[in-house]
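Text of my_file.csv (CSV, C-alpha atoms and all ligand atoms) as supplied:
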```csv
chain,number,residue,atom,x,y,z
A,1,MET,CA,3.3,-111.7,-40.3
A,2,ALA,CA,6.5,-110.0,-39.2
A,3,ARG,CA,7.0,-110.5,-35.4
A,4,ASN,CA,9.3,-108.9,-32.9
A,5,LYS,CA,12.3,-111.2,-32.2
A,6,THR,CA,11.3,-111.9,-28.6
A,7,ARG,CA,12.9,-114.5,-26.3
A,8,SER,CA,11.5,-117.9,-26.4
A,9,VAL,CA,9.7,-118.8,-23.1
A,10,SER,CA,8.7,-122.3,-22.5
A,11,VAL,CA,5.5,-122.9,-20.4
A,12,GLY,CA,5.2,-126.7,-20.1
A,13,PRO,CA,4.7,-127.9,-23.7
A,14,VAL,CA,3.8,-124.4,-24.9
A,15,THR,CA,6.3,-121.9,-26.3
A,16,ILE,CA,5.6,-118.2,-25.9
A,17,GLY,CA,7.7,-115.9,-28.1
A,18,GLY,CA,10.7,-116.7,-30.2
A,19,GLY,CA,8.5,-116.8,-33.3
A,20,ALA,CA,6.2,-119.5,-32.0
A,21,PRO,CA,2.5,-119.3,-33.0
A,22,ILE,CA,0.6,-116.8,-30.8
A,23,ALA,CA,-0.7,-118.8,-27.9
A,24,VAL,CA,-4.4,-118.3,-27.0
A,25,GLN,CA,-5.2,-118.6,-23.3
A,26,SER,CA,-7.9,-117.8,-20.7
A,27,MET,CA,-8.8,-118.1,-17.1
A,28,ALA,CA,-11.3,-120.2,-15.1
A,29,ALA,CA,-14.0,-118.0,-13.7
A,30,THR,CA,-14.8,-120.3,-10.8
A,31,LYS,CA,-14.1,-120.5,-7.1
A,32,THR,CA,-11.0,-122.5,-7.2
A,33,GLN,CA,-12.1,-124.5,-4.2
A,34,ASP,CA,-15.2,-125.6,-6.1
A,35,ILE,CA,-13.2,-128.4,-7.7
A,36,GLU,CA,-15.9,-129.8,-9.9
A,37,ALA,CA,-16.7,-126.4,-11.4
A,38,THR,CA,-13.1,-125.5,-11.9
A,39,VAL,CA,-12.3,-128.8,-13.6
A,40,ARG,CA,-15.4,-128.3,-15.8
A,41,GLN,CA,-14.2,-124.8,-16.9
A,42,VAL,CA,-10.7,-126.0,-17.5
A,43,GLU,CA,-12.3,-128.7,-19.7
A,44,LEU,CA,-14.5,-126.2,-21.5
A,45,LEU,CA,-11.5,-124.0,-22.3
A,46,GLN,CA,-9.4,-127.0,-23.4
A,47,GLN,CA,-12.1,-128.2,-25.7
A,48,ALA,CA,-12.2,-124.8,-27.2
A,49,GLY,CA,-8.5,-125.1,-27.9
A,50,ALA,CA,-6.9,-123.1,-25.1
A,51,ASP,CA,-3.1,-123.4,-25.1
A,52,LEU,CA,-2.9,-122.4,-21.5
A,53,VAL,CA,-5.5,-122.0,-18.7
A,54,ARG,CA,-5.1,-119.8,-15.6
A,55,ILE,CA,-6.5,-120.3,-12.2
A,56,ALA,CA,-6.5,-117.9,-9.3
A,57,VAL,CA,-5.1,-118.8,-5.9
A,58,ASP,CA,-5.4,-116.7,-2.8
A,59,SER,CA,-5.1,-119.1,0.1
A,60,ARG,CA,-3.7,-122.5,1.2
A,61,LYS,CA,-7.1,-124.0,0.7
A,62,ASP,CA,-7.1,-122.8,-2.9
A,63,VAL,CA,-3.7,-124.4,-3.4
A,64,GLU,CA,-5.1,-127.7,-2.1
A,65,ALA,CA,-7.9,-127.4,-4.6
A,66,LEU,CA,-5.4,-126.5,-7.3
A,67,ALA,CA,-3.5,-129.7,-6.6
A,68,GLU,CA,-6.7,-131.7,-7.1
A,69,VAL,CA,-7.5,-129.8,-10.3
A,70,ARG,CA,-4.0,-130.5,-11.5
A,71,ALA,CA,-4.4,-134.2,-11.0
A,72,ARG,CA,-7.7,-134.2,-13.0
A,73,THR,CA,-6.6,-132.3,-16.1
A,74,THR,CA,-3.9,-132.4,-18.7
A,75,ALA,CA,-4.2,-128.7,-19.4
A,76,THR,CA,-1.1,-126.5,-19.2
A,77,LEU,CA,-1.8,-124.5,-16.1
A,78,SER,CA,-0.8,-121.0,-15.0
A,79,VAL,CA,-1.7,-119.4,-11.7
A,80,ASP,CA,-2.6,-115.9,-10.8
A,81,LEU,CA,-0.8,-115.1,-7.6
A,82,GLN,CA,-2.2,-111.8,-6.5
A,83,GLU,CA,-2.2,-111.1,-2.8
A,84,ASN,CA,0.1,-113.5,-1.0
A,85,TYR,CA,3.3,-114.0,-3.0
A,86,ARG,CA,4.7,-116.5,-0.5
A,87,LEU,CA,2.2,-119.0,-1.7
A,88,ALA,CA,4.4,-119.4,-4.7
A,89,THR,CA,6.4,-122.1,-3.0
A,90,ILE,CA,3.4,-124.4,-2.7
A,91,VAL,CA,1.8,-123.3,-5.9
A,92,ALA,CA,4.7,-123.8,-8.3
A,93,PRO,CA,5.0,-127.6,-8.1
A,94,HIS,CA,1.5,-127.8,-9.6
A,95,VAL,CA,1.8,-125.3,-12.5
A,96,ASN,CA,3.8,-124.3,-15.5
A,97,LYS,CA,3.6,-120.6,-15.1
A,98,ILE,CA,3.0,-118.0,-12.3
A,99,ARG,CA,1.6,-114.6,-12.8
A,100,TYR,CA,2.2,-111.8,-10.3
A,101,ASN,CA,0.9,-108.3,-10.3
A,102,PRO,CA,3.7,-105.7,-9.4
A,103,GLY,CA,1.1,-103.3,-8.0
A,104,HIS,CA,-0.3,-106.0,-5.6
A,105,LEU,CA,3.2,-107.2,-4.8
A,106,TRP,CA,4.2,-103.7,-3.7
A,107,HIS,CA,1.4,-103.6,-1.1
A,108,HIS,CA,2.3,-107.0,0.4
A,109,GLU,CA,5.0,-106.9,3.2
A,110,ARG,CA,5.7,-103.2,2.5
A,111,ASP,CA,8.8,-103.1,4.6
A,112,LYS,CA,10.5,-105.6,2.3
A,113,PRO,CA,12.3,-104.3,-0.8
A,114,VAL,CA,10.4,-105.2,-4.0
A,115,ARG,CA,13.6,-106.7,-5.4
A,116,ASP,CA,13.6,-109.2,-2.6
A,117,LYS,CA,10.0,-110.2,-3.2
A,118,VAL,CA,10.6,-110.6,-6.9
A,119,ALA,CA,13.8,-112.6,-6.2
A,120,PHE,CA,11.7,-114.9,-3.9
A,121,ILE,CA,9.2,-115.6,-6.7
A,122,ALA,CA,11.9,-116.0,-9.4
A,123,GLU,CA,13.9,-118.5,-7.3
A,124,THR,CA,10.7,-120.5,-6.6
A,125,ALA,CA,9.9,-120.5,-10.3
A,126,GLU,CA,13.4,-121.6,-11.2
A,127,ALA,CA,13.4,-124.4,-8.7
A,128,ASN,CA,10.1,-125.7,-10.0
A,129,ASP,CA,10.7,-125.3,-13.8
A,130,CYS,CA,8.0,-122.5,-14.0
A,131,ALA,CA,7.8,-119.5,-16.2
A,132,LEU,CA,6.6,-116.1,-14.9
A,133,ARG,CA,4.3,-113.4,-16.1
A,134,VAL,CA,4.8,-109.8,-14.9
A,135,GLY,CA,1.2,-108.8,-15.2
A,136,VAL,CA,0.7,-105.0,-14.9
A,137,ASN,CA,-2.7,-103.5,-14.9
A,138,CYS,CA,-3.2,-99.8,-15.4
A,139,GLY,CA,-5.8,-99.7,-12.6
A,140,SER,CA,-3.4,-101.2,-10.0
A,141,VAL,CA,0.0,-99.8,-10.6
A,142,ASP,CA,2.1,-99.3,-7.5
A,143,PRO,CA,1.8,-95.9,-5.9
A,144,VAL,CA,5.5,-95.0,-6.4
A,145,GLN,CA,5.2,-95.2,-10.2
A,146,ILE,CA,1.8,-93.4,-10.1
A,147,GLU,CA,3.3,-90.5,-8.2
A,148,ALA,CA,6.4,-90.4,-10.5
A,149,HIS,CA,4.2,-90.2,-13.6
A,150,GLY,CA,1.4,-87.9,-12.6
A,151,ASP,CA,-1.4,-87.9,-15.3
A,152,ASP,CA,0.6,-90.3,-17.5
A,153,ASP,CA,-1.0,-93.5,-16.2
A,154,VAL,CA,0.2,-95.4,-19.3
A,155,GLY,CA,3.7,-94.2,-18.5
A,156,ALA,CA,3.4,-95.5,-14.9
A,157,MET,CA,2.2,-98.9,-16.2
A,158,VAL,CA,5.2,-99.1,-18.7
A,159,ALA,CA,7.7,-98.0,-16.1
A,160,SER,CA,6.4,-100.6,-13.6
A,161,ALA,CA,6.8,-103.3,-16.2
A,162,LEU,CA,10.3,-102.1,-17.2
A,163,GLU,CA,11.4,-102.0,-13.5
A,164,HIS,CA,10.3,-105.6,-13.0
A,165,CYS,CA,12.1,-106.7,-16.1
A,166,GLU,CA,15.2,-105.0,-14.9
A,167,ILE,CA,15.0,-106.8,-11.5
A,168,LEU,CA,14.4,-110.2,-13.1
A,169,ASP,CA,17.3,-109.7,-15.6
A,170,SER,CA,19.6,-108.6,-12.8
A,171,ILE,CA,19.0,-111.8,-10.9
A,172,GLY,CA,19.5,-113.9,-14.0
A,173,PHE,CA,15.9,-115.0,-14.5
A,174,GLU,CA,14.9,-114.7,-18.2
A,175,ARG,CA,12.0,-117.0,-18.5
A,176,TYR,CA,9.2,-114.4,-18.2
A,177,VAL,CA,6.6,-112.6,-20.3
A,178,VAL,CA,5.0,-109.3,-19.6
A,179,SER,CA,1.5,-108.0,-19.9
A,180,LEU,CA,0.2,-104.4,-19.8
A,181,LYS,CA,-3.5,-104.2,-19.6
A,182,ASP,CA,-6.4,-101.7,-19.3
A,183,SER,CA,-10.1,-101.7,-20.0
A,184,ASP,CA,-9.5,-98.9,-22.6
A,185,TRP,CA,-8.1,-100.6,-25.7
A,186,ARG,CA,-6.3,-97.4,-26.7
A,187,LYS,CA,-4.2,-97.5,-23.5
A,188,VAL,CA,-3.5,-101.2,-24.2
A,189,VAL,CA,-2.2,-100.2,-27.6
A,190,GLU,CA,-0.1,-97.3,-26.3
A,191,GLY,CA,1.3,-99.2,-23.3
A,192,ASN,CA,2.4,-102.2,-25.4
A,193,ARG,CA,3.9,-100.0,-28.1
A,194,ARG,CA,5.9,-98.0,-25.6
A,195,PHE,CA,7.1,-101.1,-23.8
A,196,ALA,CA,8.0,-103.0,-27.0
A,197,SER,CA,10.0,-100.0,-28.3
A,198,GLN,CA,12.2,-100.3,-25.2
A,199,ARG,CA,12.2,-104.1,-24.7
A,200,PRO,CA,11.5,-105.7,-28.1
A,201,ASP,CA,13.1,-108.9,-26.7
A,202,VAL,CA,10.5,-109.5,-24.0
A,203,PRO,CA,7.5,-111.7,-25.0
A,204,LEU,CA,4.2,-109.9,-24.6
A,205,HIS,CA,0.8,-111.2,-23.4
A,206,LEU,CA,-1.9,-109.0,-24.9
A,207,GLY,CA,-5.4,-108.4,-23.6
A,208,VAL,CA,-8.0,-105.7,-22.9
A,209,THR,CA,-9.0,-106.3,-19.3
A,210,GLU,CA,-12.7,-106.2,-18.3
A,211,ALA,CA,-13.6,-105.8,-21.9
A,212,GLY,CA,-17.2,-106.7,-21.0
A,213,MET,CA,-19.9,-108.7,-22.6
A,214,LEU,CA,-20.4,-109.7,-26.2
A,215,PRO,CA,-20.3,-108.2,-28.8
A,216,GLU,CA,-18.6,-105.1,-27.4
A,217,GLY,CA,-15.9,-107.1,-25.5
A,218,GLU,CA,-14.7,-108.8,-28.6
A,219,ILE,CA,-14.8,-105.6,-30.6
A,220,LYS,CA,-12.7,-103.7,-28.1
A,221,THR,CA,-10.2,-106.5,-28.0
A,222,ARG,CA,-10.1,-106.8,-31.7
A,223,LEU,CA,-9.4,-103.1,-32.0
A,224,ALA,CA,-6.3,-103.5,-29.8
A,225,PHE,CA,-5.0,-106.6,-31.4
A,226,GLU,CA,-5.5,-105.2,-34.9
A,227,GLN,CA,-3.2,-102.3,-34.0
A,228,LEU,CA,-0.5,-104.4,-32.2
A,229,VAL,CA,-0.2,-107.8,-33.9
A,230,PRO,CA,0.6,-106.4,-37.4
A,231,GLU,CA,3.3,-104.3,-35.8
A,232,GLY,CA,4.9,-107.6,-34.6
A,233,ILE,CA,3.8,-107.1,-31.0
A,234,GLY,CA,2.2,-109.9,-29.1
A,235,ASP,CA,3.2,-113.5,-28.4
A,236,THR,CA,0.1,-114.7,-26.4
A,237,VAL,CA,-3.4,-113.3,-26.1
A,238,ARG,CA,-6.4,-113.5,-23.9
A,239,VAL,CA,-9.8,-112.2,-24.7
A,240,SER,CA,-11.5,-111.3,-21.5
A,241,LEU,CA,-15.3,-111.6,-21.6
A,242,THR,CA,-18.2,-111.6,-19.1
A,243,LEU,CA,-19.9,-114.9,-20.1
A,244,PRO,CA,-22.3,-117.5,-18.6
A,245,PHE,CA,-20.4,-120.5,-17.2
A,246,GLU,CA,-20.9,-123.0,-20.0
A,247,ASP,CA,-19.9,-120.4,-22.7
A,248,LYS,CA,-16.4,-119.8,-21.3
A,249,GLY,CA,-14.8,-121.4,-24.3
A,250,THR,CA,-16.1,-118.4,-26.4
A,251,GLU,CA,-13.1,-116.5,-25.1
A,252,ILE,CA,-10.7,-118.9,-26.9
A,253,GLU,CA,-12.8,-119.0,-30.0
A,254,ALA,CA,-12.9,-115.2,-30.1
A,255,GLY,CA,-9.1,-115.0,-29.7
A,256,ARG,CA,-8.5,-117.5,-32.5
A,257,ARG,CA,-11.1,-115.7,-34.7
A,258,ILE,CA,-9.4,-112.3,-34.3
A,259,LEU,CA,-5.9,-113.7,-34.9
A,260,ALA,CA,-7.1,-115.6,-38.0
A,261,ASP,CA,-8.7,-112.5,-39.4
A,262,ILE,CA,-5.6,-110.4,-38.8
A,263,GLU,CA,-3.4,-113.0,-40.5
A,264,SER,CA,-5.7,-113.1,-43.5
A,265,GLY,CA,-5.9,-109.3,-43.7
A,266,ARG,CA,-9.5,-109.2,-42.7
A,267,PHE,CA,-9.5,-106.0,-40.7
A,268,ARG,CA,-12.7,-104.4,-39.4
A,269,SER,CA,-13.2,-100.6,-39.7
A,270,MET,CA,-13.3,-98.6,-36.5
A,271,PRO,CA,-16.8,-98.9,-35.1
A,272,THR,CA,-17.3,-95.3,-34.0
A,273,VAL,CA,-20.1,-96.5,-31.8
A,274,LEU,CA,-17.4,-97.6,-29.3
A,275,ASP,CA,-15.8,-94.1,-29.3
A,276,ASP,CA,-19.0,-92.4,-28.3
A,277,GLY,CA,-21.9,-93.1,-26.1
A,278,LEU,CA,-22.5,-95.4,-23.1
A,279,ASN,CA,-19.5,-97.6,-22.3
A,280,ILE,CA,-20.0,-100.5,-20.0
A,281,ILE,CA,-16.9,-102.3,-18.9
A,282,SER,CA,-17.1,-105.5,-16.8
A,283,CYS,CA,-14.7,-108.1,-15.6
A,284,PRO,CA,-14.8,-111.6,-16.9
A,285,SER,CA,-15.1,-112.9,-13.3
A,286,CYS,CA,-12.8,-115.5,-11.7
A,287,SER,CA,-12.4,-117.5,-8.5
A,288,ARG,CA,-12.5,-114.3,-6.5
A,289,VAL,CA,-16.0,-113.3,-7.6
A,290,GLU,CA,-17.8,-112.5,-4.4
A,291,ASN,CA,-21.3,-113.6,-5.5
A,292,GLU,CA,-22.5,-115.8,-8.3
A,293,ALA,CA,-25.1,-113.1,-9.2
A,294,PHE,CA,-22.3,-111.1,-10.8
A,295,ILE,CA,-22.9,-112.2,-14.4
A,296,GLU,CA,-26.6,-111.5,-14.1
A,297,LEU,CA,-25.9,-108.1,-12.5
A,298,ALA,CA,-23.6,-107.1,-15.4
A,299,GLN,CA,-26.3,-108.2,-17.9
A,300,ASP,CA,-29.0,-106.3,-16.0
A,301,VAL,CA,-26.8,-103.2,-15.9
A,302,ARG,CA,-26.7,-103.2,-19.6
A,303,LYS,CA,-30.5,-103.8,-19.9
A,304,ILE,CA,-31.6,-101.0,-17.6
A,305,THR,CA,-29.1,-98.4,-18.9
A,306,ALA,CA,-29.9,-99.0,-22.6
A,307,TRP,CA,-31.9,-95.8,-22.6
A,308,ALA,CA,-28.6,-93.8,-22.1
A,309,LYS,CA,-26.7,-95.3,-25.0
A,310,GLN,CA,-26.2,-91.9,-26.7
A,311,HIS,CA,-24.6,-90.4,-23.6
A,312,ASP,CA,-20.8,-90.5,-23.0
A,313,VAL,CA,-20.9,-92.3,-19.6
A,314,THR,CA,-18.7,-95.1,-18.5
A,315,ILE,CA,-20.1,-97.7,-16.1
A,316,ALA,CA,-17.7,-100.3,-14.6
A,317,VAL,CA,-19.0,-103.6,-13.1
A,318,MET,CA,-16.5,-105.6,-11.2
A,319,GLY,CA,-16.8,-108.9,-9.4
A,320,CYS,CA,-14.7,-108.5,-6.2
A,321,ARG,CA,-12.8,-106.5,-3.7
A,322,VAL,CA,-9.4,-107.3,-5.1
A,323,ASN,CA,-9.8,-105.2,-8.3
A,324,GLY,CA,-13.2,-103.6,-7.8
A,325,PRO,CA,-12.3,-100.6,-5.7
A,326,GLY,CA,-9.3,-99.5,-7.9
A,327,GLU,CA,-10.6,-100.4,-11.3
A,328,THR,CA,-13.9,-98.5,-10.8
A,329,ASP,CA,-12.1,-95.2,-9.9
A,330,ASP,CA,-11.9,-93.9,-13.4
A,331,ALA,CA,-15.5,-94.8,-14.4
A,332,ASP,CA,-18.4,-92.3,-14.0
A,333,LEU,CA,-20.3,-95.0,-12.2
A,334,GLY,CA,-18.8,-98.1,-10.7
A,335,LEU,CA,-20.2,-101.2,-9.1
A,336,TRP,CA,-18.1,-103.8,-7.3
A,337,CYS,CA,-19.5,-106.8,-5.7
A,338,GLY,CA,-19.3,-107.9,-2.1
A,339,PRO,CA,-20.8,-111.2,-0.8
A,340,VAL,CA,-24.2,-109.8,0.0
A,341,ALA,CA,-24.1,-106.2,-1.2
A,342,VAL,CA,-22.9,-104.3,-4.2
A,343,ASN,CA,-20.8,-101.1,-3.7
A,344,LEU,CA,-21.9,-98.3,-5.9
A,345,LYS,CA,-19.5,-95.5,-6.7
A,346,ARG,CA,-19.7,-92.2,-8.5
A,347,GLY,CA,-16.1,-91.6,-9.7
A,348,PRO,CA,-13.9,-92.5,-6.8
A,349,GLU,CA,-16.6,-91.7,-4.2
A,350,LEU,CA,-18.7,-94.4,-2.6
A,351,VAL,CA,-22.4,-93.7,-3.0
A,352,GLY,CA,-23.3,-96.7,-0.8
A,353,SER,CA,-23.6,-100.4,-0.4
A,354,PHE,CA,-26.9,-101.9,-1.5
A,355,PRO,CA,-28.4,-105.4,-1.6
A,356,TYR,CA,-28.2,-107.1,-5.0
A,357,ASP,CA,-31.9,-106.6,-5.6
A,358,GLU,CA,-31.8,-102.9,-4.8
A,359,VAL,CA,-28.6,-101.6,-6.3
A,360,LEU,CA,-30.0,-101.2,-9.9
A,361,GLU,CA,-32.5,-98.6,-8.9
A,362,HIS,CA,-29.8,-96.6,-7.2
A,363,LEU,CA,-27.6,-96.9,-10.2
A,364,GLN,CA,-30.4,-95.7,-12.4
A,365,ARG,CA,-30.9,-92.7,-10.2
A,366,GLU,CA,-27.2,-91.7,-10.3
A,367,LEU,CA,-27.1,-92.2,-14.1
A,368,GLU,CA,-30.2,-90.0,-14.6
A,369,GLU,CA,-28.5,-87.3,-12.5
A,370,ILE,CA,-25.3,-87.5,-14.4
A,371,VAL,CA,-27.1,-87.2,-17.8
A,372,GLU,CA,-29.2,-84.3,-16.5
A,373,GLU,CA,-26.2,-82.4,-15.0
A,374,ARG,CA,-24.3,-82.8,-18.3
A,375,ALA,CA,-27.4,-81.6,-20.3
A,376,THR,CA,-27.6,-78.5,-18.2
A,377,ALA,CA,-23.9,-77.8,-18.0
B,1,LIG,S1,-12.5,-108.1,-10.7
B,1,LIG,FE1,-12.2,-109.7,-9.2
B,1,LIG,S2,-13.8,-111.2,-9.8
B,1,LIG,FE2,-13.5,-109.9,-11.6
B,1,LIG,S3,-11.9,-110.9,-12.8
B,1,LIG,FE3,-10.9,-109.4,-11.5
B,1,LIG,S4,-10.2,-110.5,-9.7
B,1,LIG,FE4,-11.8,-111.8,-10.7
```
Produce structure tokens that represent the structure in this file.
Amino acid sequence: MARNKTRSVSVGPVTIGGGAPIAVQSMAATKTQDIEATVRQVELLQQAGADLVRIAVDSRKDVEALAEVRARTTATLSVDLQENYRLATIVAPHVNKIRYNPGHLWHHERDKPVRDKVAFIAETAEANDCALRVGVNCGSVDPVQIEAHGDDDVGAMVASALEHCEILDSIGFERYVVSLKDSDWRKVVEGNRRFASQRPDVPLHLGVTEAGMLPEGEIKTRLAFEQLVPEGIGDTVRVSLTLPFEDKGTEIEAGRRILADIESGRFRSMPTVLDDGLNIISCPSCSRVENEAFIELAQDVRKITAWAKQHDVTIAVMGCRVNGPGETDDADLGLWCGPVAVNLKRGPELVGSFPYDEVLEHLQRELEEIVEERATA
């Protein structure tokens, strides 16, 4: 397949871009401090053939756990550094790549220029032989870009990615890749096309975030990859699925399956069922998940809403407070997990916080109301 001539970025023994085979990666969905569970998930992903495994780190205790995981695995590791960018200095010695989210970085130490924060991360990466990923999510773009782009949320996502590339280039750090993700595969396609047309040299990490459960999660991801990869766009991929613990390797298998099919010309026709009707998006969960009941909750949401499958309603199910509040705003109904309660939203408005064993009946009621209102409108 023809590929964009991107820069070659080395991540430990793995090369991303520069014509290297498309790397397939995933992320541990465990509490990082649960070292046994995290090591087990890293193993599961490695056994499934992951080129790279990502772990989330939000605190010093997480970093201590990361060091222990590092000592117990040979996997090439990346870290998701979302809230506290200063942790980079103690994280970097243990990993080959650091991902930061420009939207989250904007909110941390707001008085400090973004350029200074990026420089801090880049200098730390440089000193520790690490690569970086600028990981932009459509649901958490910084407010300045959102305001500048109005309704063009994809434009805001692309502008944010371009801004961070410009900052990294200006300080002489070139060892980075970029991702532009959304739960809507069309926005993933549009965002990556727009970005690649302006920066064909920058390696791209492709993925549809919160794609949900099988089989829909794989289908949505496939639709995005089938558009982008044949156009030469994409140097590494992640398939993001909501899966039971021991099945985590399925993400890697799905990624390899999709890429093999594209390479062999085995394209699937557009399943129109995904364009119409009930759309459930759910995150794959990670160390930040607030309650282990999240996976079961996502599965139950699908079960109890099956009656509405002909109705054009989007329900988002998210595992934590980091991405839950923002990523549910665009859905008709959103659930995001807290430690003992689930927050239920209708659009951007909070309906209430309910215990895990009560939230489904409230969700059902709201869904019935939406369907009824639309029928009478
Ligand atoms: S929503 Fe929270 S728990 Fe789910 S994958 Fe994102 S950060 Fe992890």
Hey, which bits of chain A sit within 7 Å of ligand LIG 1 (chain B), and for each residue what's the closest pair of atoms and how far apart in Å (one decimal), counting all atoms listed in the file, rows by chain and increasing number, as a tab-separated table?
```
residue	atom	partner	partner_atom	distance
A:Cys283	CA	B:LIG1	FE2	4.5
A:Pro284	CA	B:LIG1	S3	5.1
A:Ser285	CA	B:LIG1	FE2	3.8
A:Cys286	CA	B:LIG1	FE4	4.0
A:Ser287	CA	B:LIG1	FE4	6.1
A:Arg288	CA	B:LIG1	S2	4.7
A:Val289	CA	B:LIG1	S2	3.8
A:Glu290	CA	B:LIG1	S2	6.8
A:Met318	CA	B:LIG1	S1	4.7
A:Gly319	CA	B:LIG1	S2	3.8
A:Cys320	CA	B:LIG1	FE1	4.1
A:Arg321	CA	B:LIG1	FE1	6.4
A:Val322	CA	B:LIG1	FE1	5.5
A:Asn323	CA	B:LIG1	S1	4.6
A:Gly324	CA	B:LIG1	S1	5.4
```
Please, could you write that set of residues out with C-alpha atoms as a PDB file, keeping the file's coordinate frame?
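Writing done, so here's part-v7.pdb:
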```pdb
ATOM      1  CA  CYS A 283     -14.700-108.100 -15.600  1.00  0.00           C
ATOM      2  CA  PRO A 284     -14.800-111.600 -16.900  1.00  0.00           C
ATOM      3  CA  SER A 285     -15.100-112.900 -13.300  1.00  0.00           C
ATOM      4  CA  CYS A 286     -12.800-115.500 -11.700  1.00  0.00           C
ATOM      5  CA  SER A 287     -12.400-117.500  -8.500  1.00  0.00           C
ATOM      6  CA  ARG A 288     -12.500-114.300  -6.500  1.00  0.00           C
ATOM      7  CA  VAL A 289     -16.000-113.300  -7.600  1.00  0.00           C
ATOM      8  CA  GLU A 290     -17.800-112.500  -4.400  1.00  0.00           C
ATOM      9  CA  MET A 318     -16.500-105.600 -11.200  1.00  0.00           C
ATOM     10  CA  GLY A 319     -16.800-108.900  -9.400  1.00  0.00           C
ATOM     11  CA  CYS A 320     -14.700-108.500  -6.200  1.00  0.00           C
ATOM     12  CA  ARG A 321     -12.800-106.500  -3.700  1.00  0.00           C
ATOM     13  CA  VAL A 322      -9.400-107.300  -5.100  1.00  0.00           C
ATOM     14  CA  ASN A 323      -9.800-105.200  -8.300  1.00  0.00           C
ATOM     15  CA  GLY A 324     -13.200-103.600  -7.800  1.00  0.00           C
TER      16      GLY A 324
END
```
Item to check | Selection near Gln145 of chain A, 8 Å with all atoms listed in the file, sequence-local residues under 3 positions removed, as a count of residues only | outcome: 8
For Val342 of chain A, list every protein, DNA or RNA residue within 10 Å, evaluated using only C-alpha atoms, and leave out those in the same chain fewer than 4 positions away; present the list as a PDB file with C-alpha atoms, in the frame of the given file.
```pdb
ATOM      1  CA  GLU A 290     -17.800-112.500  -4.400  1.00  0.00           C
ATOM      2  CA  ASN A 291     -21.300-113.600  -5.500  1.00  0.00           C
ATOM      3  CA  PHE A 294     -22.300-111.100 -10.800  1.00  0.00           C
ATOM      4  CA  LEU A 297     -25.900-108.100 -12.500  1.00  0.00           C
ATOM      5  CA  VAL A 317     -19.000-103.600 -13.100  1.00  0.00           C
ATOM      6  CA  MET A 318     -16.500-105.600 -11.200  1.00  0.00           C
ATOM      7  CA  GLY A 319     -16.800-108.900  -9.400  1.00  0.00           C
ATOM      8  CA  CYS A 320     -14.700-108.500  -6.200  1.00  0.00           C
ATOM      9  CA  GLY A 334     -18.800 -98.100 -10.700  1.00  0.00           C
ATOM     10  CA  LEU A 335     -20.200-101.200  -9.100  1.00  0.00           C
ATOM     11  CA  TRP A 336     -18.100-103.800  -7.300  1.00  0.00           C
ATOM     12  CA  CYS A 337     -19.500-106.800  -5.700  1.00  0.00           C
ATOM     13  CA  GLY A 338     -19.300-107.900  -2.100  1.00  0.00           C
ATOM     14  CA  GLY A 352     -23.300 -96.700  -0.800  1.00  0.00           C
ATOM     15  CA  SER A 353     -23.600-100.400  -0.400  1.00  0.00           C
ATOM     16  CA  PHE A 354     -26.900-101.900  -1.500  1.00  0.00           C
ATOM     17  CA  PRO A 355     -28.400-105.400  -1.600  1.00  0.00           C
ATOM     18  CA  TYR A 356     -28.200-107.100  -5.000  1.00  0.00           C
ATOM     19  CA  ASP A 357     -31.900-106.600  -5.600  1.00  0.00           C
ATOM     20  CA  GLU A 358     -31.800-102.900  -4.800  1.00  0.00           C
ATOM     21  CA  VAL A 359     -28.600-101.600  -6.300  1.00  0.00           C
ATOM     22  CA  LEU A 360     -30.000-101.200  -9.900  1.00  0.00           C
TER      23      LEU A 360
END
```
Next on the checklist: Using only C-alpha atoms, can you tell me which of A:Ala29, A:Ala308, A:Ala119, A:Cys130 comes closest to Leu367 of chain A?
Outcome noted: A:Ala308
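The interatomic distance for the pair atom CA of Gln227 of chain A and atom CA of Asn101 of chain A works out to 24.8 Å.
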Next on the checklist: Can you pull out the residues contacting Gly207 of chain A? Cut-off 12 Å, using all atoms listed in the file, and skip same-chain residues under 5 positions away; I want them as number ranges by chain.
Outcome noted: A: 24-26, 135-137, 178-189, 191-192, 217-218, 220-226, 228-229, 233-241, 251, 255, 284
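We find atom CA of Asn84 of chain A and atom CA of Gly103 of chain A to be spaced 12.4 Å apart.
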Item to check | Near-segment 56-69 of chain A list (8 Å; all atoms listed in the file; drop same-chain fewer than 2 positions) as a list in words | outcome: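 These residues fall inside the cut-off: Ala28, Thr32, Gln33, Asp34, Ile35, Thr38, Val39, Arg54, Ala71, Arg72, Thr73, Val79, Asp80, Leu81, Gln82, Glu83, Asn84, Leu87, Ile90, Val91, His94, Cys286, Ser287 and Arg288 of chain A.
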Listed atoms of segment 285-289 of chain A boxed along x, y and z, 8 Å each side, centre and edge lengths in Å, one decimal, as lines of an AutoDock Vina configuration file:
```
center_x = -14.2
center_y = -115.2
center_z = -9.9
size_x = 19.6
size_y = 20.6
size_z = 22.8
```
Item to check | Minimum-distance residue to Arg257 of chain A, chosen among A:Ala20, A:Glu109, A:Ile219, A:Met213 (using all atoms listed in the file) | outcome: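 Among the listed residues, the smallest separation from Arg257 of chain A belongs to A:Ile219.
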Checklist entry - Neighbours of segment 12-16 of chain A within 7 Å (all atoms listed in the file; same-chain residues fewer than 3 positions away dropped), as a ChimeraX atom specification? => result /A:8-9,20,23,51,76,96,203,235-236
Item to check | Pairwise distance for atom CA of Ala122 of chain A and atom CA of Arg7 of chain A, rounded to one decimal in Å | outcome: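 Taking atom CA of Ala122 of chain A and atom CA of Arg7 of chain A, their separation equals 17.0 Å.
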